[in-house]
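Chemist: Got a structure for you, written out below as structure tokens; questions coming shortly.
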Amino acid sequence: MTSSTSVIQVTNVSPSSTAEQMRTLFGFIGTIDELRLFPPDDSPLPVTSRVCFVKFHEPESVGVSQHLTNTVFVDRALIVVPFAEAKQPT
């Protein structure tokens, strides 16, 4: 399956997950060009859930990464979907 985007959106991310942990997990799928976790690790706000955007170097990694949907990471089942925009939010 060829994807038209190289970015995925990962929702239902545990508030205790860090950007480095997400980079390690998705780094097994393919080369990561950029990764953003919202709210950021250093956010002073109370966090109940996080969202992560991962931009892969190869668009083919998007299809493979979707197989991680429902994988329990830390204490929550991740939801991985392709992100329609070619660029991550800032």
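Chain labels A, B, ... are given in the sequence in which chains occur in the structure tokens; within each chain residues are numbered consecutively from 1, and ligands are likewise numbered from 1 in the order shown.
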Would you pick out the contacts of A:Thr48 at 12 Å or less, using only C-alpha atoms, so that residues sharing its chain but fewer than 5 positions from it are not included, and give the list as a list in words?
Modeler: Thr11, Asn12, Val13, Ser14, Pro15, Ser16, Ser17, Phe38, Pro39 and Arg76 of chain A
Chemist: Please run DSSP on the backbone and report, as a count of residues only, all residues within stretch 13-44 of chain A that come out as helix (DSSP H, G or I).
Modeler: 9
Chemist: Rank nothing, just name the residue among A:Cys52, A:His57, A:Pro82, A:Pro44 nearest to A:Gln21, using only C-alpha atoms.
Modeler: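 For A:Gln21, the nearest of the given residues is A:Cys52.
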Chemist: Write out as a ChimeraX atom specification each polymer residue whose atoms come within 9 Å of A:Asp33, counting only C-alpha atoms; drop sequence neighbours fewer than 5 positions from it.
Modeler: /A:54-57
Chemist: Put those residues in a file: all heavy atoms, as a PDB file, in the first residue's frame.
Modeler:
ATOM      1  N   VAL A  54       4.407  11.899  13.725  1.00  0.00           N
ATOM      2  CA  VAL A  54       5.679  11.343  13.291  1.00  0.00           C
ATOM      3  C   VAL A  54       5.768  11.494  11.773  1.00  0.00           C
ATOM      4  O   VAL A  54       4.868  11.062  11.048  1.00  0.00           O
ATOM      5  CB  VAL A  54       5.805   9.847  13.661  1.00  0.00           C
ATOM      6  CG1 VAL A  54       7.149   9.299  13.210  1.00  0.00           C
ATOM      7  CG2 VAL A  54       5.598   9.634  15.149  1.00  0.00           C
ATOM      8  N   LYS A  55       6.862  12.110  11.316  1.00  0.00           N
ATOM      9  CA  LYS A  55       7.104  12.219   9.874  1.00  0.00           C
ATOM     10  C   LYS A  55       8.233  11.254   9.524  1.00  0.00           C
ATOM     11  O   LYS A  55       9.346  11.363  10.025  1.00  0.00           O
ATOM     12  CB  LYS A  55       7.501  13.638   9.485  1.00  0.00           C
ATOM     13  CG  LYS A  55       7.745  13.785   7.997  1.00  0.00           C
ATOM     14  CD  LYS A  55       8.058  15.205   7.610  1.00  0.00           C
ATOM     15  CE  LYS A  55       8.213  15.311   6.106  1.00  0.00           C
ATOM     16  NZ  LYS A  55       8.574  16.665   5.704  1.00  0.00           N
ATOM     17  N   PHE A  56       7.893  10.277   8.677  1.00  0.00           N
ATOM     18  CA  PHE A  56       8.872   9.284   8.242  1.00  0.00           C
ATOM     19  C   PHE A  56       9.589   9.754   6.983  1.00  0.00           C
ATOM     20  O   PHE A  56       9.045  10.524   6.187  1.00  0.00           O
ATOM     21  CB  PHE A  56       8.184   7.947   7.933  1.00  0.00           C
ATOM     22  CG  PHE A  56       7.691   7.223   9.150  1.00  0.00           C
ATOM     23  CD1 PHE A  56       6.342   7.207   9.464  1.00  0.00           C
ATOM     24  CD2 PHE A  56       8.569   6.552   9.982  1.00  0.00           C
ATOM     25  CE1 PHE A  56       5.872   6.531  10.579  1.00  0.00           C
ATOM     26  CE2 PHE A  56       8.115   5.873  11.102  1.00  0.00           C
ATOM     27  CZ  PHE A  56       6.761   5.865  11.400  1.00  0.00           C
ATOM     28  N   HIS A  57      10.797   9.261   6.803  1.00  0.00           N
ATOM     29  CA  HIS A  57      11.556   9.566   5.584  1.00  0.00           C
ATOM     30  C   HIS A  57      10.921   8.866   4.378  1.00  0.00           C
ATOM     31  O   HIS A  57      10.843   9.426   3.299  1.00  0.00           O
ATOM     32  CB  HIS A  57      13.017   9.136   5.761  1.00  0.00           C
ATOM     33  CG  HIS A  57      13.902   9.559   4.651  1.00  0.00           C
ATOM     34  ND1 HIS A  57      14.264  10.871   4.460  1.00  0.00           N
ATOM     35  CD2 HIS A  57      14.489   8.852   3.660  1.00  0.00           C
ATOM     36  CE1 HIS A  57      15.043  10.955   3.392  1.00  0.00           C
ATOM     37  NE2 HIS A  57      15.189   9.743   2.888  1.00  0.00           N
TER      38      HIS A  57
END
Chemist: Check the smallest atom-to-atom distance from each of A:Ser6, A:Thr18, A:Ser49, A:Ser43 to A:Val64 using only C-alpha atoms, then report the winner.
Modeler: A:Ser6
Chemist: Find the residues near A:Ala84: any atom within 10 Å, counting only C-alpha atoms, skip ones fewer than 5 places away on the same chain, and give them as a list of chain:residue names.
Modeler: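 Listing them by chain and then by number gives A:Ser3, A:Ser4, A:Thr5, A:Ser6, A:Val7, A:Ile8, A:Gln9.
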Chemist: Could you dump the residues just selected with all heavy atoms as a PDB file, in the first residue's frame?
Modeler:
ATOM      1  N   SER A   3       1.243   5.171   0.429  1.00  0.00           N
ATOM      2  CA  SER A   3       0.540   6.271   1.075  1.00  0.00           C
ATOM      3  C   SER A   3       0.931   7.578   0.422  1.00  0.00           C
ATOM      4  O   SER A   3       2.052   7.744  -0.058  1.00  0.00           O
ATOM      5  CB  SER A   3       0.893   6.286   2.564  1.00  0.00           C
ATOM      6  OG  SER A   3       0.220   7.319   3.205  1.00  0.00           O
ATOM      7  N   SER A   4       0.003   8.536   0.392  1.00  0.00           N
ATOM      8  CA  SER A   4       0.296   9.837  -0.196  1.00  0.00           C
ATOM      9  C   SER A   4       0.893  10.787   0.831  1.00  0.00           C
ATOM     10  O   SER A   4       1.227  11.905   0.515  1.00  0.00           O
ATOM     11  CB  SER A   4      -0.977  10.434  -0.790  1.00  0.00           C
ATOM     12  OG  SER A   4      -1.943  10.600   0.231  1.00  0.00           O
ATOM     13  N   THR A   5       1.026  10.338   2.063  1.00  0.00           N
ATOM     14  CA  THR A   5       1.609  11.156   3.117  1.00  0.00           C
ATOM     15  C   THR A   5       2.726  10.385   3.801  1.00  0.00           C
ATOM     16  O   THR A   5       2.759   9.157   3.738  1.00  0.00           O
ATOM     17  CB  THR A   5       0.534  11.573   4.153  1.00  0.00           C
ATOM     18  OG1 THR A   5       1.143  12.399   5.143  1.00  0.00           O
ATOM     19  CG2 THR A   5      -0.093  10.370   4.830  1.00  0.00           C
ATOM     20  N   SER A   6       3.620  11.104   4.428  1.00  0.00           N
ATOM     21  CA  SER A   6       4.674  10.439   5.189  1.00  0.00           C
ATOM     22  C   SER A   6       4.526  10.746   6.685  1.00  0.00           C
ATOM     23  O   SER A   6       5.417  10.484   7.465  1.00  0.00           O
ATOM     24  CB  SER A   6       6.055  10.872   4.692  1.00  0.00           C
ATOM     25  OG  SER A   6       6.196  12.272   4.799  1.00  0.00           O
ATOM     26  N   VAL A   7       3.349  11.294   7.053  1.00  0.00           N
ATOM     27  CA  VAL A   7       3.108  11.693   8.445  1.00  0.00           C
ATOM     28  C   VAL A   7       1.979  10.851   9.041  1.00  0.00           C
ATOM     29  O   VAL A   7       0.959  10.621   8.394  1.00  0.00           O
ATOM     30  CB  VAL A   7       2.748  13.194   8.539  1.00  0.00           C
ATOM     31  CG1 VAL A   7       2.478  13.609   9.985  1.00  0.00           C
ATOM     32  CG2 VAL A   7       3.852  14.053   7.932  1.00  0.00           C
ATOM     33  N   ILE A   8       2.176  10.416  10.286  1.00  0.00           N
ATOM     34  CA  ILE A   8       1.111   9.726  11.020  1.00  0.00           C
ATOM     35  C   ILE A   8       0.736  10.545  12.247  1.00  0.00           C
ATOM     36  O   ILE A   8       1.542  11.320  12.763  1.00  0.00           O
ATOM     37  CB  ILE A   8       1.519   8.301  11.462  1.00  0.00           C
ATOM     38  CG1 ILE A   8       2.767   8.329  12.349  1.00  0.00           C
ATOM     39  CG2 ILE A   8       1.669   7.388  10.270  1.00  0.00           C
ATOM     40  CD1 ILE A   8       3.064   7.023  13.059  1.00  0.00           C
ATOM     41  N   GLN A   9      -0.498  10.354  12.677  1.00  0.00           N
ATOM     42  CA  GLN A   9      -0.982  10.941  13.922  1.00  0.00           C
ATOM     43  C   GLN A   9      -1.236   9.797  14.885  1.00  0.00           C
ATOM     44  O   GLN A   9      -1.940   8.844  14.553  1.00  0.00           O
ATOM     45  CB  GLN A   9      -2.268  11.723  13.683  1.00  0.00           C
ATOM     46  CG  GLN A   9      -2.860  12.300  14.941  1.00  0.00           C
ATOM     47  CD  GLN A   9      -4.177  13.015  14.678  1.00  0.00           C
ATOM     48  OE1 GLN A   9      -4.685  13.040  13.568  1.00  0.00           O
ATOM     49  NE2 GLN A   9      -4.735  13.598  15.709  1.00  0.00           N
TER      50      GLN A   9
END
Chemist: Using the chain letters and numbers from this document, which residues of chain A does DSSP assign to strand (DSSP E or B), as a list in words?
Modeler: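 Filtering chain A down to strand (DSSP E or B) leaves Val7, Ile8, Gln9, Val10, Thr11, Asn12, Val13, Ile32, Asp33, Glu34, Leu35, Arg36, Leu37, Phe38, Arg50, Val51, Cys52, Phe53, Val54, Lys55, Phe56, Val72, Phe73, Arg76, Ala77, Ile79, Val80, Val81 and Pro82 of chain A.
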Chemist: Please, could you write that set of residues out with N, CA, C and O atoms as a CSV table (one decimal), in the first residue's frame?
Modeler:
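Once written, again_0.csv looks like this:
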chain,number,residue,atom,x,y,z
A,7,VAL,N,3.3,11.3,7.1
A,7,VAL,CA,3.1,11.7,8.4
A,7,VAL,C,2.0,10.9,9.0
A,7,VAL,O,1.0,10.6,8.4
A,8,ILE,N,2.2,10.4,10.3
A,8,ILE,CA,1.1,9.7,11.0
A,8,ILE,C,0.7,10.5,12.2
A,8,ILE,O,1.5,11.3,12.8
A,9,GLN,N,-0.5,10.4,12.7
A,9,GLN,CA,-1.0,10.9,13.9
A,9,GLN,C,-1.2,9.8,14.9
A,9,GLN,O,-1.9,8.8,14.6
A,10,VAL,N,-0.6,9.9,16.1
A,10,VAL,CA,-0.8,8.9,17.1
A,10,VAL,C,-1.6,9.5,18.2
A,10,VAL,O,-1.1,10.5,18.8
A,11,THR,N,-2.8,8.9,18.5
A,11,THR,CA,-3.6,9.5,19.6
A,11,THR,C,-3.7,8.5,20.8
A,11,THR,O,-3.2,7.3,20.6
A,12,ASN,N,-4.3,8.9,21.9
A,12,ASN,CA,-4.4,8.1,23.1
A,12,ASN,C,-3.0,7.7,23.6
A,12,ASN,O,-2.8,6.6,24.2
A,13,VAL,N,-2.1,8.7,23.5
A,13,VAL,CA,-0.8,8.5,24.1
A,13,VAL,C,-0.8,8.8,25.6
A,13,VAL,O,-1.3,9.8,26.0
A,32,ILE,N,12.9,8.3,11.0
A,32,ILE,CA,12.1,9.4,11.4
A,32,ILE,C,12.7,10.7,11.0
A,32,ILE,O,13.9,10.9,11.4
A,33,ASP,N,12.1,11.5,10.2
A,33,ASP,CA,12.6,12.8,9.9
A,33,ASP,C,12.2,13.8,11.0
A,33,ASP,O,13.0,14.7,11.3
A,34,GLU,N,11.0,13.7,11.6
A,34,GLU,CA,10.6,14.7,12.6
A,34,GLU,C,9.5,14.0,13.5
A,34,GLU,O,8.7,13.2,13.0
A,35,LEU,N,9.6,14.3,14.8
A,35,LEU,CA,8.6,13.8,15.7
A,35,LEU,C,8.2,15.0,16.7
A,35,LEU,O,9.0,15.7,17.2
A,36,ARG,N,6.9,15.1,16.8
A,36,ARG,CA,6.4,16.2,17.8
A,36,ARG,C,5.3,15.5,18.7
A,36,ARG,O,4.5,14.8,18.2
A,37,LEU,N,5.5,15.8,19.9
A,37,LEU,CA,4.5,15.3,21.0
A,37,LEU,C,3.8,16.5,21.6
A,37,LEU,O,4.5,17.5,22.0
A,38,PHE,N,2.5,16.4,21.6
A,38,PHE,CA,1.7,17.5,22.2
A,38,PHE,C,0.9,17.0,23.4
A,38,PHE,O,0.3,16.0,23.2
A,50,ARG,N,-2.0,12.5,25.3
A,50,ARG,CA,-1.1,13.3,24.4
A,50,ARG,C,-1.4,12.8,23.0
A,50,ARG,O,-2.0,11.8,22.7
A,51,VAL,N,-0.9,13.6,22.0
A,51,VAL,CA,-1.0,13.3,20.6
A,51,VAL,C,0.5,13.4,20.1
A,51,VAL,O,1.2,14.4,20.4
A,52,CYS,N,0.8,12.5,19.2
A,52,CYS,CA,2.2,12.5,18.6
A,52,CYS,C,2.1,12.5,17.1
A,52,CYS,O,1.2,11.8,16.6
A,53,PHE,N,2.9,13.3,16.5
A,53,PHE,CA,3.0,13.3,15.0
A,53,PHE,C,4.4,12.9,14.6
A,53,PHE,O,5.3,13.4,15.2
A,54,VAL,N,4.4,11.9,13.7
A,54,VAL,CA,5.7,11.3,13.3
A,54,VAL,C,5.8,11.5,11.8
A,54,VAL,O,4.9,11.1,11.0
A,55,LYS,N,6.9,12.1,11.3
A,55,LYS,CA,7.1,12.2,9.9
A,55,LYS,C,8.2,11.3,9.5
A,55,LYS,O,9.3,11.4,10.0
A,56,PHE,N,7.9,10.3,8.7
A,56,PHE,CA,8.9,9.3,8.2
A,56,PHE,C,9.6,9.8,7.0
A,56,PHE,O,9.0,10.5,6.2
A,72,VAL,N,-0.7,-1.7,23.2
A,72,VAL,CA,-0.6,-1.0,24.5
A,72,VAL,C,0.8,-0.5,24.7
A,72,VAL,O,1.7,-1.3,24.7
A,73,PHE,N,0.9,0.8,24.9
A,73,PHE,CA,2.2,1.4,25.1
A,73,PHE,C,2.1,2.2,26.4
A,73,PHE,O,1.3,3.0,26.5
A,76,ARG,N,-1.7,2.6,27.7
A,76,ARG,CA,-2.9,2.9,26.8
A,76,ARG,C,-2.7,2.3,25.4
A,76,ARG,O,-1.6,2.1,25.0
A,77,ALA,N,-3.8,1.9,24.8
A,77,ALA,CA,-3.8,1.4,23.5
A,77,ALA,C,-3.6,2.5,22.5
A,77,ALA,O,-4.5,3.4,22.4
A,79,ILE,N,-3.6,4.7,18.9
A,79,ILE,CA,-4.4,4.7,17.7
A,79,ILE,C,-3.5,5.5,16.7
A,79,ILE,O,-3.2,6.6,16.9
A,80,VAL,N,-3.2,4.7,15.6
A,80,VAL,CA,-2.3,5.3,14.6
A,80,VAL,C,-3.0,5.4,13.3
A,80,VAL,O,-3.6,4.5,12.8
A,81,VAL,N,-3.0,6.7,12.8
A,81,VAL,CA,-3.7,6.9,11.5
A,81,VAL,C,-2.8,7.8,10.6
A,81,VAL,O,-2.1,8.6,11.1
A,82,PRO,N,-2.9,7.7,9.3
A,82,PRO,CA,-2.2,8.6,8.4
A,82,PRO,C,-2.7,10.0,8.6
A,82,PRO,O,-3.9,10.3,8.8
Chemist: So, counting only C-alpha atoms, which residue among A:Phe28, A:Pro59, A:Ala19, A:Asn70 is closest to A:Pro40?
Modeler: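 Looking only at the distances to A:Pro40, the closest residue turns out to be A:Ala19.
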Chemist: Distance atom CA of A:Val74-atom CA of A:Gly30, one decimal place?
Modeler: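 Rounded to one decimal, the two atoms are 21.0 Å apart.
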